[in-house]
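A.B. asks: Below is a structure I'd like to ask you about.
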Amino acid sequence: MTISLGDVETTALIPVAIKASESLRKNPRVCDEVAVEMIKKLGIDTKPFDKFMSHEGVIARTVMLDKMVRDFIAKNPSAVIVNMGAGFDNRFSRVDNGSIFWFDLDLPDSIALRKKVFSERERVSMLSGSVLEDGWCAAVKAESAKTSSKVLFLAEGLFMYLTLEEIAKLLSILKTNFPGGTLIAEQNNPLMVKNQKYHDTVKNTNAVFKSGTWSGQEIADLCDGIRFVEEHSFNEEMKKHSLGGWLFAKLLPKMNDRWAVFEW
């Protein structure tokens with residue numbers, strides 16, 4: 001398999017490499033057979049994409065988001081879920097309850113490659129488009145209308161590559177098209193933006209962090225009617241599994257990314 005991705009889309013290889021190596025460990029915290037197979041087929045050197053802190057961060061965020069999505073599904077068994085900036089994520093396989101409908105949304109080149117990796121699956125649809133345009137909304141609204149299902153939006157590894165103005169535009173699209181929706185979005189902070197050249201894996205790509213916040217409230221304030229519910233640092237999970245993760249949480253408690261929840 002050969003791939004050709006844009007600068008930001010290339011960062012999708014980071015979680016793939018990390019989930020693949022984690023899956024091969026004796027007691028993996030995350031199992032992703034698709035990631036393992038993909039890395040084998042690509043035959044790429046994963047070392048630039050699989051450093052200690054990024055590894056622990058990606059696994060922590062995966063474990064935490066899987067639980068948050070499962071909790072949402074438990075309350076909304078027929079939910080429609082939109083994975084924005086999906087990359088090569090395989091979360092559907094880990095959280096499916098047999099009733100949800102799932103959309104993987106990403107830019108055209110990413111979706112074209114995703115279709116080479118993932119076969120067609122029941123109750124899963126791949127959408128090609130930009131989160132900053134509303135062309136993809138019709139398909140999601142049509143599916144949600146079938147059962148009056150709640151819609152959950154996921155933004156993993158996405159917001160940091162958007163400006164605050166672009167995030168505001170995305171929030172407006174979601175609020176306008178999907179009343180009563182929920183968003184779970186990964187947040188980074190302004191120090192990460194200033195010091196991104198030191199990031200252990202993203203520095204090995206040409207991607208650029210464009211924004212960061214200290215609180216999810218700053219995101220909610222970008223669009224009238226968006227309510228900030230809660231947020232949780234990746235440190236909450238990372239500190240459970242390694243001395244390095246515990247020290248990072250202790251010494252730099254505000255430096256890690258967080259999961260923030262929004263409703264409207």
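Convention: chains lettered A, B, ... in structure tokens order; per-chain residue numbering from 1; ligands numbered from 1 as shown.
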Excluding Thr62 in chain A and any residue of its chain fewer than 6 positions from it, enumerate the residues within 10 Å of it, using only C-alpha atoms, and give them as a VMD selection string.
C.D. replies: chain A and resid 15 19 29 to 30 56 68 89 91 156 234 237
A.B. asks: Generate the output file for the selected residues, all heavy atoms, as a short mmCIF file (atom, residue, chain, number, x, y, z; two decimals), in the first residue's frame.
C.D. replies:
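Just written: selection_34.cif:
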data_model
loop_
_atom_site.label_atom_id
_atom_site.label_comp_id
_atom_site.auth_asym_id
_atom_site.auth_seq_id
_atom_site.Cartn_x
_atom_site.Cartn_y
_atom_site.Cartn_z
N PRO A 15 -1.51 8.19 15.48
CA PRO A 15 -2.30 7.24 16.26
C PRO A 15 -2.32 5.83 15.68
O PRO A 15 -2.44 4.85 16.42
CB PRO A 15 -3.70 7.86 16.29
CG PRO A 15 -3.72 8.83 15.16
CD PRO A 15 -2.32 9.33 15.02
N LYS A 19 -1.33 2.84 18.05
CA LYS A 19 -2.31 1.79 18.34
C LYS A 19 -1.83 0.44 17.86
O LYS A 19 -2.11 -0.59 18.47
CB LYS A 19 -3.66 2.14 17.70
CG LYS A 19 -4.37 3.30 18.38
CD LYS A 19 -5.61 3.72 17.61
CE LYS A 19 -6.23 4.98 18.18
NZ LYS A 19 -7.35 5.47 17.36
N ARG A 29 -3.81 -1.95 26.25
CA ARG A 29 -4.92 -1.15 26.75
C ARG A 29 -5.92 -0.86 25.63
O ARG A 29 -7.09 -0.59 25.89
CB ARG A 29 -4.39 0.17 27.33
CG ARG A 29 -3.62 0.00 28.63
CD ARG A 29 -2.80 1.23 28.97
NE ARG A 29 -1.60 1.31 28.13
CZ ARG A 29 -0.75 2.34 28.14
NH1 ARG A 29 -0.97 3.36 28.95
NH2 ARG A 29 0.32 2.33 27.37
N VAL A 30 -5.43 -0.91 24.40
CA VAL A 30 -6.27 -0.71 23.21
C VAL A 30 -5.88 -1.77 22.18
O VAL A 30 -4.69 -1.99 21.95
CB VAL A 30 -6.06 0.69 22.60
CG1 VAL A 30 -6.82 0.83 21.28
CG2 VAL A 30 -6.50 1.77 23.58
N GLU A 56 1.71 7.42 25.21
CA GLU A 56 0.86 7.42 26.40
C GLU A 56 -0.32 8.36 26.23
O GLU A 56 -1.43 8.08 26.68
CB GLU A 56 1.69 7.81 27.63
CG GLU A 56 2.71 6.77 28.03
CD GLU A 56 2.07 5.41 28.31
OE1 GLU A 56 1.23 5.33 29.22
OE2 GLU A 56 2.40 4.44 27.60
N MET A 68 -16.34 7.47 27.04
CA MET A 68 -17.32 8.54 26.92
C MET A 68 -18.35 8.22 25.84
O MET A 68 -19.55 8.48 26.01
CB MET A 68 -16.61 9.86 26.61
CG MET A 68 -15.69 10.34 27.73
SD MET A 68 -14.64 11.74 27.26
CE MET A 68 -15.81 13.09 27.44
N ASP A 89 -9.17 6.09 12.06
CA ASP A 89 -9.71 5.66 13.34
C ASP A 89 -10.68 4.48 13.16
O ASP A 89 -11.45 4.44 12.21
CB ASP A 89 -10.44 6.83 14.00
CG ASP A 89 -10.96 6.48 15.37
OD1 ASP A 89 -10.15 6.18 16.25
OD2 ASP A 89 -12.19 6.49 15.55
N ARG A 91 -12.79 3.37 15.83
CA ARG A 91 -13.54 3.37 17.09
C ARG A 91 -14.88 2.63 16.98
O ARG A 91 -15.31 1.99 17.95
CB ARG A 91 -13.76 4.81 17.56
CG ARG A 91 -14.55 4.92 18.87
CD ARG A 91 -14.35 6.25 19.56
NE ARG A 91 -13.04 6.28 20.21
CZ ARG A 91 -12.01 6.98 19.77
NH1 ARG A 91 -12.11 7.70 18.66
NH2 ARG A 91 -10.87 6.96 20.43
N GLU A 156 -11.48 14.39 17.47
CA GLU A 156 -10.24 13.90 18.05
C GLU A 156 -9.08 14.36 17.18
O GLU A 156 -9.05 14.11 15.98
CB GLU A 156 -10.27 12.37 18.13
CG GLU A 156 -9.04 11.75 18.74
CD GLU A 156 -9.15 10.23 18.83
OE1 GLU A 156 -9.93 9.63 18.06
OE2 GLU A 156 -8.44 9.64 19.67
N PHE A 234 -6.10 14.38 29.86
CA PHE A 234 -5.56 13.05 29.58
C PHE A 234 -4.71 12.55 30.75
O PHE A 234 -4.48 11.35 30.90
CB PHE A 234 -4.69 13.07 28.32
CG PHE A 234 -5.43 13.36 27.05
CD1 PHE A 234 -4.75 13.44 25.84
CD2 PHE A 234 -6.81 13.57 27.03
CE1 PHE A 234 -5.40 13.71 24.65
CE2 PHE A 234 -7.49 13.84 25.84
CZ PHE A 234 -6.78 13.91 24.65
N GLU A 237 -5.87 9.61 32.96
CA GLU A 237 -5.62 8.23 32.54
C GLU A 237 -4.13 7.93 32.49
O GLU A 237 -3.68 6.86 32.92
CB GLU A 237 -6.24 7.98 31.16
CG GLU A 237 -6.08 6.57 30.63
CD GLU A 237 -6.84 5.52 31.41
OE1 GLU A 237 -7.83 5.87 32.09
OE2 GLU A 237 -6.43 4.34 31.35
#
A.B. asks: Taking the DSSP assignment computed from this structure's backbone, write out as a VMD selection string all residues of range 20-243 of chain A that belong to alpha helix (DSSP H).
C.D. replies: chain A and resid 20 to 23 33 to 42 52 to 75 91 to 95 108 to 117 137 to 147 164 to 177 190 to 194 216 to 220 235 to 238 243
A.B. asks: Would you save the residues of that selection, restricted to C-alpha atoms, as a PDB file, in the first residue's frame?
C.D. replies:
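part13.pdb, written as the output of this step:
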ATOM      1  CA  ALA A  20      -0.527  -0.831  16.258  1.00  0.00           C
ATOM      2  CA  SER A  21       2.407  -1.088  18.660  1.00  0.00           C
ATOM      3  CA  GLU A  22       0.103  -1.023  21.700  1.00  0.00           C
ATOM      4  CA  SER A  23      -2.022  -3.804  20.199  1.00  0.00           C
ATOM      5  CA  GLU A  33      -6.170  -5.058  14.381  1.00  0.00           C
ATOM      6  CA  VAL A  34      -6.726  -2.671  11.472  1.00  0.00           C
ATOM      7  CA  ALA A  35      -3.865  -0.458  12.699  1.00  0.00           C
ATOM      8  CA  VAL A  36      -1.576  -3.489  13.001  1.00  0.00           C
ATOM      9  CA  GLU A  37      -2.396  -4.658   9.471  1.00  0.00           C
ATOM     10  CA  MET A  38      -2.077  -1.160   8.041  1.00  0.00           C
ATOM     11  CA  ILE A  39       1.399  -0.613   9.472  1.00  0.00           C
ATOM     12  CA  LYS A  40       2.476  -3.996   8.092  1.00  0.00           C
ATOM     13  CA  LYS A  41       1.211  -3.120   4.622  1.00  0.00           C
ATOM     14  CA  LEU A  42       2.733   0.359   4.634  1.00  0.00           C
ATOM     15  CA  PHE A  52       6.814   7.702  24.755  1.00  0.00           C
ATOM     16  CA  MET A  53       4.758  10.797  25.601  1.00  0.00           C
ATOM     17  CA  SER A  54       2.728  10.679  22.383  1.00  0.00           C
ATOM     18  CA  HIS A  55       2.188   6.943  22.880  1.00  0.00           C
ATOM     19  CA  GLU A  56       0.864   7.422  26.399  1.00  0.00           C
ATOM     20  CA  GLY A  57      -1.191  10.445  25.337  1.00  0.00           C
ATOM     21  CA  VAL A  58      -2.817   8.710  22.364  1.00  0.00           C
ATOM     22  CA  ILE A  59      -3.632   5.597  24.378  1.00  0.00           C
ATOM     23  CA  ALA A  60      -5.029   7.684  27.237  1.00  0.00           C
ATOM     24  CA  ARG A  61      -7.210   9.746  24.917  1.00  0.00           C
ATOM     25  CA  THR A  62      -8.407   6.584  23.160  1.00  0.00           C
ATOM     26  CA  VAL A  63      -9.344   4.813  26.392  1.00  0.00           C
ATOM     27  CA  MET A  64     -11.105   7.927  27.706  1.00  0.00           C
ATOM     28  CA  LEU A  65     -13.013   8.694  24.513  1.00  0.00           C
ATOM     29  CA  ASP A  66     -14.082   5.072  24.047  1.00  0.00           C
ATOM     30  CA  LYS A  67     -15.627   5.191  27.533  1.00  0.00           C
ATOM     31  CA  MET A  68     -17.319   8.545  26.917  1.00  0.00           C
ATOM     32  CA  VAL A  69     -18.813   7.295  23.650  1.00  0.00           C
ATOM     33  CA  ARG A  70     -20.001   4.049  25.261  1.00  0.00           C
ATOM     34  CA  ASP A  71     -21.635   6.067  28.051  1.00  0.00           C
ATOM     35  CA  PHE A  72     -23.433   8.223  25.478  1.00  0.00           C
ATOM     36  CA  ILE A  73     -24.577   5.144  23.568  1.00  0.00           C
ATOM     37  CA  ALA A  74     -25.852   3.546  26.774  1.00  0.00           C
ATOM     38  CA  LYS A  75     -28.187   6.531  27.192  1.00  0.00           C
ATOM     39  CA  ARG A  91     -13.544   3.366  17.086  1.00  0.00           C
ATOM     40  CA  PHE A  92     -16.816   2.014  15.696  1.00  0.00           C
ATOM     41  CA  SER A  93     -15.514  -1.534  16.090  1.00  0.00           C
ATOM     42  CA  ARG A  94     -14.830  -0.952  19.788  1.00  0.00           C
ATOM     43  CA  VAL A  95     -18.068   0.782  20.801  1.00  0.00           C
ATOM     44  CA  PRO A 108     -11.336  13.753   0.175  1.00  0.00           C
ATOM     45  CA  ASP A 109      -7.763  12.417   0.074  1.00  0.00           C
ATOM     46  CA  SER A 110      -8.117  10.912   3.555  1.00  0.00           C
ATOM     47  CA  ILE A 111     -11.444   9.269   2.731  1.00  0.00           C
ATOM     48  CA  ALA A 112     -10.055   7.884  -0.539  1.00  0.00           C
ATOM     49  CA  LEU A 113      -7.286   6.203   1.449  1.00  0.00           C
ATOM     50  CA  ARG A 114      -9.634   5.159   4.215  1.00  0.00           C
ATOM     51  CA  LYS A 115     -11.700   3.244   1.660  1.00  0.00           C
ATOM     52  CA  LYS A 116      -8.594   1.251   0.775  1.00  0.00           C
ATOM     53  CA  VAL A 117      -8.122   0.273   4.409  1.00  0.00           C
ATOM     54  CA  CYS A 137     -24.834  17.596   6.874  1.00  0.00           C
ATOM     55  CA  ALA A 138     -27.726  16.375   4.705  1.00  0.00           C
ATOM     56  CA  ALA A 139     -26.692  12.726   4.917  1.00  0.00           C
ATOM     57  CA  VAL A 140     -26.376  12.886   8.700  1.00  0.00           C
ATOM     58  CA  LYS A 141     -29.702  14.701   9.115  1.00  0.00           C
ATOM     59  CA  ALA A 142     -31.450  12.140   6.917  1.00  0.00           C
ATOM     60  CA  GLU A 143     -30.153   9.241   9.002  1.00  0.00           C
ATOM     61  CA  SER A 144     -30.985  10.948  12.286  1.00  0.00           C
ATOM     62  CA  ALA A 145     -34.509  11.749  11.096  1.00  0.00           C
ATOM     63  CA  LYS A 146     -35.277   8.072  10.506  1.00  0.00           C
ATOM     64  CA  THR A 147     -35.413   7.350  14.231  1.00  0.00           C
ATOM     65  CA  LEU A 164     -10.469  29.857  16.593  1.00  0.00           C
ATOM     66  CA  GLU A 165     -12.367  31.501  13.739  1.00  0.00           C
ATOM     67  CA  GLU A 166     -12.596  28.155  11.952  1.00  0.00           C
ATOM     68  CA  ILE A 167     -13.751  26.429  15.132  1.00  0.00           C
ATOM     69  CA  ALA A 168     -16.444  29.087  15.511  1.00  0.00           C
ATOM     70  CA  LYS A 169     -17.590  28.377  11.952  1.00  0.00           C
ATOM     71  CA  LEU A 170     -17.736  24.640  12.645  1.00  0.00           C
ATOM     72  CA  LEU A 171     -19.744  25.179  15.835  1.00  0.00           C
ATOM     73  CA  SER A 172     -22.187  27.360  13.916  1.00  0.00           C
ATOM     74  CA  ILE A 173     -22.638  24.611  11.291  1.00  0.00           C
ATOM     75  CA  LEU A 174     -23.320  22.016  13.991  1.00  0.00           C
ATOM     76  CA  LYS A 175     -25.737  24.214  15.961  1.00  0.00           C
ATOM     77  CA  THR A 176     -27.657  25.313  12.870  1.00  0.00           C
ATOM     78  CA  ASN A 177     -28.074  21.856  11.385  1.00  0.00           C
ATOM     79  CA  PRO A 190      -1.696  27.877  24.059  1.00  0.00           C
ATOM     80  CA  LEU A 191       1.683  26.706  25.395  1.00  0.00           C
ATOM     81  CA  MET A 192       1.518  23.693  23.087  1.00  0.00           C
ATOM     82  CA  VAL A 193       0.995  26.052  20.172  1.00  0.00           C
ATOM     83  CA  LYS A 194       4.002  28.157  21.171  1.00  0.00           C
ATOM     84  CA  GLY A 216     -13.499  24.581  27.103  1.00  0.00           C
ATOM     85  CA  GLN A 217     -15.459  27.702  28.032  1.00  0.00           C
ATOM     86  CA  GLU A 218     -13.285  29.622  25.578  1.00  0.00           C
ATOM     87  CA  ILE A 219     -14.591  27.327  22.837  1.00  0.00           C
ATOM     88  CA  ALA A 220     -18.222  27.666  23.948  1.00  0.00           C
ATOM     89  CA  ASN A 235      -3.447  13.093  32.753  1.00  0.00           C
ATOM     90  CA  GLU A 236      -6.323  11.383  34.549  1.00  0.00           C
ATOM     91  CA  GLU A 237      -5.621   8.233  32.536  1.00  0.00           C
ATOM     92  CA  MET A 238      -1.899   8.627  31.796  1.00  0.00           C
ATOM     93  CA  LEU A 243       6.037   6.737  36.229  1.00  0.00           C
TER      94      LEU A 243
END
A.B. asks: With 8 Å as the cut-off and only C-alpha atoms counted, what is the closest atom pair between each nearby residue of range 168-200 of chain A and range 257-264 of chain A? Distances in Å to one decimal, ordered by chain and number, as a Markdown table.
C.D. replies:
| residue | atom | partner | partner_atom | distance |
| --- | --- | --- | --- | --- |
| A:Lys175 | CA | A:Trp264 | CA | 6.7 |
| A:Pro179 | CA | A:Trp264 | CA | 6.7 |
| A:Gly180 | CA | A:Trp264 | CA | 5.3 |
| A:Gly181 | CA | A:Trp264 | CA | 5.9 |
| A:Thr182 | CA | A:Glu263 | CA | 4.5 |
| A:Leu183 | CA | A:Phe262 | CA | 5.0 |
| A:Ile184 | CA | A:Val261 | CA | 4.6 |
| A:Ala185 | CA | A:Ala260 | CA | 5.4 |
| A:Glu186 | CA | A:Trp259 | CA | 4.8 |
| A:Gln187 | CA | A:Arg258 | CA | 5.1 |
| A:Asn188 | CA | A:Asp257 | CA | 4.6 |
| A:Asn189 | CA | A:Asp257 | CA | 7.1 |
A.B. asks: Quick one: write out the picked residues with N, CA and C atoms as an mmCIF file, in the first residue's frame?
C.D. replies:
data_model
loop_
_atom_site.group_PDB
_atom_site.id
_atom_site.type_symbol
_atom_site.label_atom_id
_atom_site.label_comp_id
_atom_site.auth_asym_id
_atom_site.auth_seq_id
_atom_site.Cartn_x
_atom_site.Cartn_y
_atom_site.Cartn_z
ATOM 1 N N LYS A 175 -24.567 23.682 15.247
ATOM 2 C CA LYS A 175 -25.737 24.214 15.961
ATOM 3 C C LYS A 175 -26.904 24.475 15.013
ATOM 4 N N PRO A 179 -30.012 20.614 15.975
ATOM 5 C CA PRO A 179 -30.486 21.062 17.287
ATOM 6 C C PRO A 179 -30.439 19.914 18.297
ATOM 7 N N GLY A 180 -30.009 20.235 19.511
ATOM 8 C CA GLY A 180 -29.949 19.223 20.554
ATOM 9 C C GLY A 180 -28.768 18.294 20.454
ATOM 10 N N GLY A 181 -27.696 18.734 19.764
ATOM 11 C CA GLY A 181 -26.531 17.880 19.566
ATOM 12 C C GLY A 181 -25.531 17.954 20.707
ATOM 13 N N THR A 182 -24.596 17.026 20.676
ATOM 14 C CA THR A 182 -23.503 16.958 21.655
ATOM 15 C C THR A 182 -22.180 16.839 20.914
ATOM 16 N N LEU A 183 -21.170 17.525 21.409
ATOM 17 C CA LEU A 183 -19.834 17.476 20.829
ATOM 18 C C LEU A 183 -18.826 17.099 21.904
ATOM 19 N N ILE A 184 -17.972 16.124 21.609
ATOM 20 C CA ILE A 184 -16.819 15.813 22.457
ATOM 21 C C ILE A 184 -15.584 16.153 21.642
ATOM 22 N N ALA A 185 -14.816 17.132 22.105
ATOM 23 C CA ALA A 185 -13.687 17.639 21.314
ATOM 24 C C ALA A 185 -12.404 17.654 22.123
ATOM 25 N N GLU A 186 -11.325 17.226 21.487
ATOM 26 C CA GLU A 186 -10.007 17.287 22.114
ATOM 27 C C GLU A 186 -9.521 18.727 22.113
ATOM 28 N N GLN A 187 -9.015 19.167 23.266
ATOM 29 C CA GLN A 187 -8.502 20.523 23.413
ATOM 30 C C GLN A 187 -7.016 20.486 23.758
ATOM 31 N N ASN A 188 -6.242 21.355 23.139
ATOM 32 C CA ASN A 188 -4.869 21.561 23.604
ATOM 33 C C ASN A 188 -4.777 22.960 24.189
ATOM 34 N N ASN A 189 -3.576 23.398 24.586
ATOM 35 C CA ASN A 189 -3.482 24.707 25.223
ATOM 36 C C ASN A 189 -2.500 25.616 24.490
#
A.B. asks: Have a look at CA of Ala12 in chain A and CA of Ala86 in chain A and let me know their distance in Å, one decimal.
C.D. replies: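 Computing it gives 8.4 Å between the two atoms.
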